[in-house]
Amino acid sequence: MIALPAEARTLVRQRVCFDDLLELPDGHRLVVSGSGPNHARSAAFRLLEHKVDALISWGCAAALDGSMNAGDLVLPDRILSPDGIEHAVCPEWHDRVRQALAPMLPVTTGLLLGSPKVVANAAEKRELHASKGAVALDMESASVASVANTRGVPFLAVRAIADPACMNLPNSVAVAVDERGDVNIPKLLRYALAHPAEFVALARLGKAFYAAANTLRRTAHLLRTDISLTPSADR
């Protein structure tokens, strides 16, 4: 499960859109859900209807730990949902993926916090890190983990940092992005033109997302069949 088309392009080269369900090599399936817990939950159930035997939440996250940088990889071992329920990932799957990546790519484990909304400012990120002890935050993984645990299928989350804990998201993003995660470019540009400092903030965010996307591409390349719940015998 991937929230945004831009994140999906870390796994596939073709143009993708919201709600697409794609067939990937090795029998994998990918749904571009749209951002947020409700879209993620619907996508997880949609994948289960196609008889998948495990679920992965793949994409970007916001850092809560101030020591993390844009592009850092998070492979959480626990997911804390907004209602306070903690979900574990599949430990054997998690360990195998972590061990496959560790010699070539730094991996941060720990708690990933689920959020029902975008956390846009650095002060709120610091507060969440202090109160919850989470290293990072996203809006989708908790919903996918909940569906996986309810249905009794293994779950894994793979996330790269697209905005560090010290970063405030540009106001133009809040103005121009809808609840699905789709960006209204004319609205974004109108706001930025009226507030020129936004262009600097947007460039900083773009650079951070580029770093996260590169990490996800590298992760996919390094893992190859190891991303599967059961790797193929000829790996």
# chains A, B, ... in the order shown; residues from 1 in each chain; ligands from 1
call {"tool": "residues_around", "arguments": {"residues": "range 27-30 of chain A", "least_positions_apart": "5", "cutoff": "9 Å", "atoms": "only C-alpha atoms", "output": "PyMOL selection string"}}
result
chain A and resi 1-2+8+20-22+47+50+52+228
call {"tool": "write_last_selection", "arguments": {"atoms": "N, CA, C and O atoms", "output": "PDB file, in the first residue's frame"}}
result
ATOM      1  N   MET A   1       0.837  -1.174   0.000  1.00  0.00           N
ATOM      2  CA  MET A   1       0.000   0.000   0.000  1.00  0.00           C
ATOM      3  C   MET A   1       0.884   1.240   0.000  1.00  0.00           C
ATOM      4  O   MET A   1       1.797   1.343   0.811  1.00  0.00           O
ATOM      5  N   ILE A   2       0.601   2.159  -0.928  1.00  0.00           N
ATOM      6  CA  ILE A   2       1.330   3.431  -1.043  1.00  0.00           C
ATOM      7  C   ILE A   2       0.303   4.551  -1.114  1.00  0.00           C
ATOM      8  O   ILE A   2      -0.724   4.424  -1.798  1.00  0.00           O
ATOM      9  N   ALA A   8       4.696   5.998  -5.292  1.00  0.00           N
ATOM     10  CA  ALA A   8       4.601   4.769  -6.094  1.00  0.00           C
ATOM     11  C   ALA A   8       5.682   4.702  -7.150  1.00  0.00           C
ATOM     12  O   ALA A   8       6.140   3.611  -7.523  1.00  0.00           O
ATOM     13  N   ASP A  20      -5.175   3.501  -8.328  1.00  0.00           N
ATOM     14  CA  ASP A  20      -4.650   2.467  -9.212  1.00  0.00           C
ATOM     15  C   ASP A  20      -4.290   1.221  -8.408  1.00  0.00           C
ATOM     16  O   ASP A  20      -3.768   1.303  -7.282  1.00  0.00           O
ATOM     17  N   LEU A  21      -4.559   0.068  -9.005  1.00  0.00           N
ATOM     18  CA  LEU A  21      -4.076  -1.203  -8.477  1.00  0.00           C
ATOM     19  C   LEU A  21      -3.184  -1.808  -9.545  1.00  0.00           C
ATOM     20  O   LEU A  21      -3.635  -2.078 -10.655  1.00  0.00           O
ATOM     21  N   LEU A  22      -1.901  -1.976  -9.224  1.00  0.00           N
ATOM     22  CA  LEU A  22      -0.903  -2.405 -10.195  1.00  0.00           C
ATOM     23  C   LEU A  22      -0.382  -3.786  -9.860  1.00  0.00           C
ATOM     24  O   LEU A  22      -0.210  -4.139  -8.683  1.00  0.00           O
ATOM     25  N   LEU A  47      -6.687  -4.818  -1.154  1.00  0.00           N
ATOM     26  CA  LEU A  47      -5.621  -5.779  -1.420  1.00  0.00           C
ATOM     27  C   LEU A  47      -5.979  -7.169  -0.902  1.00  0.00           C
ATOM     28  O   LEU A  47      -5.722  -8.178  -1.564  1.00  0.00           O
ATOM     29  N   HIS A  50      -7.971  -9.204  -3.111  1.00  0.00           N
ATOM     30  CA  HIS A  50      -7.200  -9.819  -4.194  1.00  0.00           C
ATOM     31  C   HIS A  50      -6.290 -10.935  -3.689  1.00  0.00           C
ATOM     32  O   HIS A  50      -5.342 -11.334  -4.368  1.00  0.00           O
ATOM     33  N   VAL A  52      -3.990 -11.249  -1.331  1.00  0.00           N
ATOM     34  CA  VAL A  52      -2.592 -11.118  -0.932  1.00  0.00           C
ATOM     35  C   VAL A  52      -2.400 -11.821   0.409  1.00  0.00           C
ATOM     36  O   VAL A  52      -3.336 -11.939   1.210  1.00  0.00           O
ATOM     37  N   SER A 228       9.632  -9.759  -0.256  1.00  0.00           N
ATOM     38  CA  SER A 228       8.540 -10.723  -0.137  1.00  0.00           C
ATOM     39  C   SER A 228       8.496 -11.317   1.263  1.00  0.00           C
ATOM     40  O   SER A 228       9.524 -11.431   1.933  1.00  0.00           O
TER      41      SER A 228
END
call {"tool": "residues_around", "arguments": {"residues": "range 35-41 of chain A", "least_positions_apart": "2", "cutoff": "8 Å", "atoms": "only C-alpha atoms", "output": "list in words"}}
result
Met1, Ala3, Leu4, Ser33, Ala43, Ala44, Phe45, Ser115, Pro116, Lys117, Met139, Glu140, Ser141, Ala142, Ser143, Val144, Val147, Glu179, Arg180 and Gly181 of chain A
call {"tool": "select_by_dssp", "arguments": {"residues": "range 68-232 of chain A", "states": "strand (DSSP E)", "output": "ChimeraX atom specification"}}
result
/A:73-74,78-80,86-88,107-108,111-114,136-138,155-163
call {"tool": "residues_around", "arguments": {"residues": "range 206-220 of chain A", "least_positions_apart": "6", "cutoff": "6 Å", "atoms": "only C-alpha atoms", "output": "PyMOL selection string"}}
result
chain A and resi 10+70-71+160-162
call {"tool": "closest_residue", "arguments": {"among": "A:Leu156, A:Ala136, A:Leu73, A:Ala130", "to": "Met104 in chain A", "atoms": "only C-alpha atoms"}}
result
A:Leu73
call {"tool": "residues_around", "arguments": {"residues": "Ala120 in chain A", "least_positions_apart": "6", "cutoff": "9 Å", "atoms": "only C-alpha atoms", "output": "short mmCIF file (atom, residue, chain, number, x, y, z; two decimals) with all heavy atoms, in the first residue's frame"}}
result
data_model
loop_
_atom_site.label_atom_id
_atom_site.label_comp_id
_atom_site.auth_asym_id
_atom_site.auth_seq_id
_atom_site.Cartn_x
_atom_site.Cartn_y
_atom_site.Cartn_z
N MET A 167 11.85 20.66 10.52
CA MET A 167 11.25 21.34 9.36
C MET A 167 9.79 21.69 9.62
O MET A 167 8.99 20.85 10.04
CB MET A 167 11.34 20.47 8.11
CG MET A 167 10.70 21.09 6.87
SD MET A 167 10.77 20.00 5.41
CE MET A 167 12.52 20.11 5.01
N ASN A 168 9.43 22.94 9.35
CA ASN A 168 8.04 23.36 9.29
C ASN A 168 7.56 23.22 7.84
O ASN A 168 8.22 23.74 6.93
CB ASN A 168 7.88 24.81 9.74
CG ASN A 168 8.21 25.01 11.20
OD1 ASN A 168 7.70 24.30 12.07
ND2 ASN A 168 9.08 25.97 11.48
N LEU A 169 6.45 22.54 7.63
CA LEU A 169 5.95 22.41 6.27
C LEU A 169 5.47 23.77 5.76
O LEU A 169 4.90 24.56 6.51
CB LEU A 169 4.80 21.41 6.23
CG LEU A 169 5.16 19.95 6.50
CD1 LEU A 169 3.92 19.07 6.39
CD2 LEU A 169 6.24 19.46 5.54
N PRO A 170 5.68 24.07 4.48
CA PRO A 170 5.24 25.35 3.93
C PRO A 170 3.73 25.53 4.08
O PRO A 170 2.94 24.59 3.90
CB PRO A 170 5.63 25.25 2.45
CG PRO A 170 6.71 24.21 2.40
CD PRO A 170 6.38 23.23 3.49
N ASN A 171 3.31 26.75 4.38
CA ASN A 171 1.89 27.04 4.49
C ASN A 171 1.16 26.80 3.17
O ASN A 171 -0.02 26.44 3.16
CB ASN A 171 1.67 28.48 4.94
CG ASN A 171 2.15 28.72 6.36
OD1 ASN A 171 2.09 27.81 7.19
ND2 ASN A 171 2.63 29.91 6.64
N ALA A 174 -0.30 23.32 2.97
CA ALA A 174 -1.56 23.17 3.71
C ALA A 174 -2.74 23.78 2.96
O ALA A 174 -3.85 23.23 2.98
CB ALA A 174 -1.43 23.82 5.09
#
call {"tool": "atom_distance", "arguments": {"atom1": "CA of Ala176 in chain A", "atom2": "CA of Leu188 in chain A"}}
result
5.0 Å
call {"tool": "closest_residue", "arguments": {"among": "A:Glu124, A:Leu223, A:Asp53, A:Gly114", "to": "Cys166 in chain A", "atoms": "only C-alpha atoms"}}
result
A:Glu124
call {"tool": "residues_around", "arguments": {"residues": "Gln99 in chain A", "least_positions_apart": "6", "cutoff": "12 Å", "atoms": "only C-alpha atoms", "output": "PyMOL selection string"}}
result
chain A and resi 75+92-93+105-107+109+222-223+226-227
call {"tool": "write_last_selection", "arguments": {"atoms": "N, CA, C and O atoms", "output": "PDB file, in the first residue's frame"}}
result
ATOM      1  N   LEU A  75      12.483   1.437   9.576  1.00  0.00           N
ATOM      2  CA  LEU A  75      11.881   0.111   9.507  1.00  0.00           C
ATOM      3  C   LEU A  75      11.326  -0.179  10.905  1.00  0.00           C
ATOM      4  O   LEU A  75      11.963  -0.858  11.712  1.00  0.00           O
ATOM      5  N   GLU A  92       9.793 -11.925  12.183  1.00  0.00           N
ATOM      6  CA  GLU A  92      10.708 -12.659  11.318  1.00  0.00           C
ATOM      7  C   GLU A  92      10.946 -11.905  10.010  1.00  0.00           C
ATOM      8  O   GLU A  92      12.082 -11.818   9.524  1.00  0.00           O
ATOM      9  N   TRP A  93       9.884 -11.376   9.443  1.00  0.00           N
ATOM     10  CA  TRP A  93       9.978 -10.609   8.196  1.00  0.00           C
ATOM     11  C   TRP A  93      10.804  -9.352   8.416  1.00  0.00           C
ATOM     12  O   TRP A  93      11.697  -9.013   7.634  1.00  0.00           O
ATOM     13  N   LEU A 105      22.832   0.068   3.997  1.00  0.00           N
ATOM     14  CA  LEU A 105      21.960   1.222   4.196  1.00  0.00           C
ATOM     15  C   LEU A 105      21.615   1.344   5.671  1.00  0.00           C
ATOM     16  O   LEU A 105      21.113   0.381   6.259  1.00  0.00           O
ATOM     17  N   PRO A 106      21.875   2.506   6.291  1.00  0.00           N
ATOM     18  CA  PRO A 106      21.511   2.668   7.701  1.00  0.00           C
ATOM     19  C   PRO A 106      20.007   2.524   7.891  1.00  0.00           C
ATOM     20  O   PRO A 106      19.217   3.051   7.108  1.00  0.00           O
ATOM     21  N   VAL A 107      19.610   1.806   8.934  1.00  0.00           N
ATOM     22  CA  VAL A 107      18.198   1.540   9.208  1.00  0.00           C
ATOM     23  C   VAL A 107      17.894   1.952  10.639  1.00  0.00           C
ATOM     24  O   VAL A 107      18.606   1.567  11.576  1.00  0.00           O
ATOM     25  N   THR A 109      15.098   1.597  13.595  1.00  0.00           N
ATOM     26  CA  THR A 109      13.932   0.844  14.037  1.00  0.00           C
ATOM     27  C   THR A 109      13.227   1.642  15.139  1.00  0.00           C
ATOM     28  O   THR A 109      13.478   2.828  15.303  1.00  0.00           O
ATOM     29  N   LEU A 222      17.912  -2.925  -3.382  1.00  0.00           N
ATOM     30  CA  LEU A 222      18.718  -3.782  -2.518  1.00  0.00           C
ATOM     31  C   LEU A 222      17.954  -5.012  -2.054  1.00  0.00           C
ATOM     32  O   LEU A 222      18.518  -6.104  -1.939  1.00  0.00           O
ATOM     33  N   LEU A 223      16.659  -4.830  -1.803  1.00  0.00           N
ATOM     34  CA  LEU A 223      15.878  -5.950  -1.283  1.00  0.00           C
ATOM     35  C   LEU A 223      15.506  -6.958  -2.357  1.00  0.00           C
ATOM     36  O   LEU A 223      15.568  -8.158  -2.154  1.00  0.00           O
ATOM     37  N   ASP A 226      13.820 -10.065  -1.396  1.00  0.00           N
ATOM     38  CA  ASP A 226      13.754 -10.068   0.066  1.00  0.00           C
ATOM     39  C   ASP A 226      12.571  -9.278   0.604  1.00  0.00           C
ATOM     40  O   ASP A 226      12.226  -9.406   1.776  1.00  0.00           O
ATOM     41  N   ILE A 227      11.958  -8.417  -0.221  1.00  0.00           N
ATOM     42  CA  ILE A 227      10.793  -7.678   0.241  1.00  0.00           C
ATOM     43  C   ILE A 227       9.601  -8.597   0.394  1.00  0.00           C
ATOM     44  O   ILE A 227       8.648  -8.304   1.102  1.00  0.00           O
TER      45      ILE A 227
END
call {"tool": "select_by_dssp", "arguments": {"residues": "range 25-199 of chain A", "states": "helix (DSSP H, G or I)", "output": "PyMOL selection string"}}
result
chain A and resi 25-27+37-49+91-101+122-132+141-151+171-176+185-194+197-199
call {"tool": "write_last_selection", "arguments": {"atoms": "C-alpha atoms", "output": "short mmCIF file (atom, residue, chain, number, x, y, z; two decimals), in the first residue's frame"}}
result
data_model
loop_
_atom_site.label_atom_id
_atom_site.label_comp_id
_atom_site.auth_asym_id
_atom_site.auth_seq_id
_atom_site.Cartn_x
_atom_site.Cartn_y
_atom_site.Cartn_z
CA PRO A 25 6.91 -8.56 -10.50
CA ASP A 26 6.96 -11.69 -8.32
CA GLY A 27 3.18 -11.57 -7.88
CA PRO A 37 -5.94 6.57 7.63
CA ASN A 38 -9.32 6.08 5.94
CA HIS A 39 -7.87 5.79 2.45
CA ALA A 40 -5.18 3.44 3.73
CA ARG A 41 -7.74 1.21 5.45
CA SER A 42 -9.82 0.96 2.28
CA ALA A 43 -6.72 0.11 0.23
CA ALA A 44 -5.68 -2.60 2.69
CA PHE A 45 -9.09 -4.29 2.44
CA ARG A 46 -8.95 -3.95 -1.34
CA LEU A 47 -5.62 -5.78 -1.42
CA LEU A 48 -6.98 -8.53 0.82
CA GLU A 49 -9.88 -8.98 -1.60
CA PRO A 91 9.17 -10.03 13.62
CA GLU A 92 10.71 -12.66 11.32
CA TRP A 93 9.98 -10.61 8.20
CA HIS A 94 11.24 -7.43 9.86
CA ASP A 95 14.49 -9.08 10.97
CA ARG A 96 15.19 -10.57 7.54
CA VAL A 97 14.60 -7.26 5.74
CA ARG A 98 16.66 -5.31 8.28
CA GLN A 99 19.56 -7.74 8.01
CA ALA A 100 19.44 -7.61 4.22
CA LEU A 101 19.65 -3.79 4.27
CA ALA A 122 8.55 21.41 14.30
CA ALA A 123 7.28 22.23 17.77
CA GLU A 124 4.48 19.67 17.51
CA LYS A 125 6.93 17.05 16.23
CA ARG A 126 9.21 17.65 19.23
CA GLU A 127 6.23 17.35 21.59
CA LEU A 128 5.11 14.06 20.02
CA HIS A 129 8.61 12.64 20.23
CA ALA A 130 8.80 13.54 23.91
CA SER A 131 5.32 12.27 24.81
CA LYS A 132 5.13 9.13 22.64
CA SER A 141 0.73 2.60 8.51
CA ALA A 142 -1.40 2.29 11.65
CA SER A 143 -4.53 1.66 9.60
CA VAL A 144 -2.82 -0.96 7.44
CA ALA A 145 -1.34 -2.63 10.54
CA SER A 146 -4.77 -2.71 12.18
CA VAL A 147 -6.36 -4.36 9.13
CA ALA A 148 -3.49 -6.86 8.91
CA ASN A 149 -3.77 -7.83 12.56
CA THR A 150 -7.56 -8.08 12.38
CA ARG A 151 -7.34 -10.40 9.38
CA ASN A 171 1.89 27.04 4.49
CA SER A 172 1.23 26.82 0.76
CA VAL A 173 1.15 23.02 1.05
CA ALA A 174 -1.56 23.17 3.71
CA VAL A 175 -3.55 25.54 1.51
CA ALA A 176 -3.20 23.57 -1.72
CA ILE A 185 -0.86 23.55 -8.33
CA PRO A 186 -2.60 26.87 -9.27
CA LYS A 187 -3.68 27.35 -5.66
CA LEU A 188 -0.18 26.56 -4.40
CA LEU A 189 1.41 29.02 -6.83
CA ARG A 190 -1.07 31.78 -6.01
CA TYR A 191 -0.27 31.45 -2.32
CA ALA A 192 3.47 31.30 -2.91
CA LEU A 193 3.42 34.35 -5.19
CA ALA A 194 1.62 36.27 -2.46
CA ALA A 197 9.36 33.20 1.22
CA GLU A 198 7.28 30.11 0.50
CA PHE A 199 9.42 29.33 -2.54
#
call {"tool": "atom_distance", "arguments": {"atom1": "CA of His87 in chain A", "atom2": "CA of Pro164 in chain A"}}
result
24.0 Å
call {"tool": "atom_distance", "arguments": {"atom1": "CA of Leu112 in chain A", "atom2": "CA of Ser81 in chain A"}}
result
8.8 Å
